[in-house]
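work.txt (compact mmCIF, C-alpha atoms)
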# COMPACT_ATOMS: atom_id res chain seq x y z
CA MET A 27 0.00 0.00 0.00
CA ILE A 28 1.21 3.52 -0.79
CA ILE A 29 0.10 6.32 1.55
CA LEU A 30 0.06 10.05 0.77
CA GLY A 31 0.11 12.43 3.75
CA LEU A 32 -0.68 16.14 3.50
CA ASP A 33 0.00 18.94 5.97
CA PRO A 34 -2.11 21.86 4.69
CA GLY A 35 -1.07 25.44 5.23
CA LEU A 36 -1.71 28.88 3.78
CA GLY A 37 1.85 29.62 2.70
CA THR A 38 3.37 26.14 2.57
CA THR A 39 1.72 22.75 2.18
CA GLY A 40 3.85 19.75 3.08
CA TRP A 41 3.42 16.32 1.55
CA GLY A 42 4.93 12.90 2.07
CA VAL A 43 4.61 9.45 0.52
CA ILE A 44 5.37 6.19 2.33
CA ARG A 45 5.08 2.56 1.31
CA ALA A 46 3.60 0.06 3.76
CA ASP A 47 4.49 -3.59 3.26
CA GLY A 48 3.06 -5.61 6.13
CA ASN A 49 4.40 -3.90 9.25
CA ARG A 50 7.33 -2.27 7.39
CA LEU A 51 7.13 1.39 6.41
CA SER A 52 9.55 2.99 3.97
CA HIS A 53 10.01 6.56 2.80
CA VAL A 54 9.23 7.15 -0.88
CA ALA A 55 9.21 10.95 -1.30
CA ASN A 56 8.36 14.23 0.41
CA GLY A 57 8.29 17.93 -0.35
CA GLN A 58 6.62 21.29 -0.06
CA ILE A 59 4.27 23.32 -2.21
CA LYS A 60 4.84 27.02 -1.56
CA THR A 61 2.52 29.84 -2.54
CA ASP A 62 3.19 33.53 -2.86
CA PRO A 63 2.26 35.01 0.56
CA SER A 64 1.39 38.36 -1.05
CA MET A 65 -1.46 36.81 -3.08
CA ALA A 66 -4.99 37.39 -1.79
CA LEU A 67 -6.96 34.47 -0.39
CA PRO A 68 -9.88 33.33 -2.60
CA VAL A 69 -12.57 34.21 -0.06
CA ASP A 70 -15.26 34.07 -2.75
CA SER A 71 -14.46 30.40 -3.40
CA PRO A 72 -17.39 28.03 -2.75
CA ARG A 73 -15.01 25.79 -0.79
CA CYS A 74 -14.12 28.61 1.61
CA THR A 75 -17.75 29.45 2.27
CA THR A 76 -18.55 25.77 2.93
CA LEU A 77 -15.82 25.45 5.53
Can I see the file as structure tokens?
Amino acid sequence: MIILGLDPGLGTTGWGVIRADGNRLSHVANGQIKTDPSMALPVDSPRCTTL
């Protein structure tokens, strides 16, 4: 099984991928997705109003 983990954030979202084989876990990949902090938040987004 391959598992994707996400750590959401406004300026930086972290992600990681691990592989589970029985009770063994192994690192596959990880990284960050960075956004421009000077950009406005999409407050008119339907997703934002639902949350």
Write out as JSON, numbers by chain which residues come within 9 Å of Ile28 (chain A) when counting only C-alpha atoms, dropping same-chain ones fewer than 4 positions away. {"A": [43, 44, 45, 46, 47, 54]}
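Between CA of Gly42 (chain A) and CA of Ser64 (chain A) there is a distance of 25.9 Å.
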Could you work out an axis-aligned bounding box for all listed atoms of region 44-51 of chain A, with 8 Å added on each of the six sides, and give its centre and edge lengths in Å to one decimal, as AutoDock Vina command-line options?
--center_x 5.2 --center_y 0.3 --center_z 5.3 --size_x 20.3 --size_y 27.8 --size_z 23.9
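Put simply, CA of Pro63 (chain A) is 14.5 Å away from CA of Pro34 (chain A).
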Using all atoms listed in the file, determine which residues lie at most 12 Å from Asn56 (chain A), disregarding the query and same-chain residues fewer than 3 positions distant; provide the list as number ranges by chain. A: 29-33, 39-44, 52-53, 59
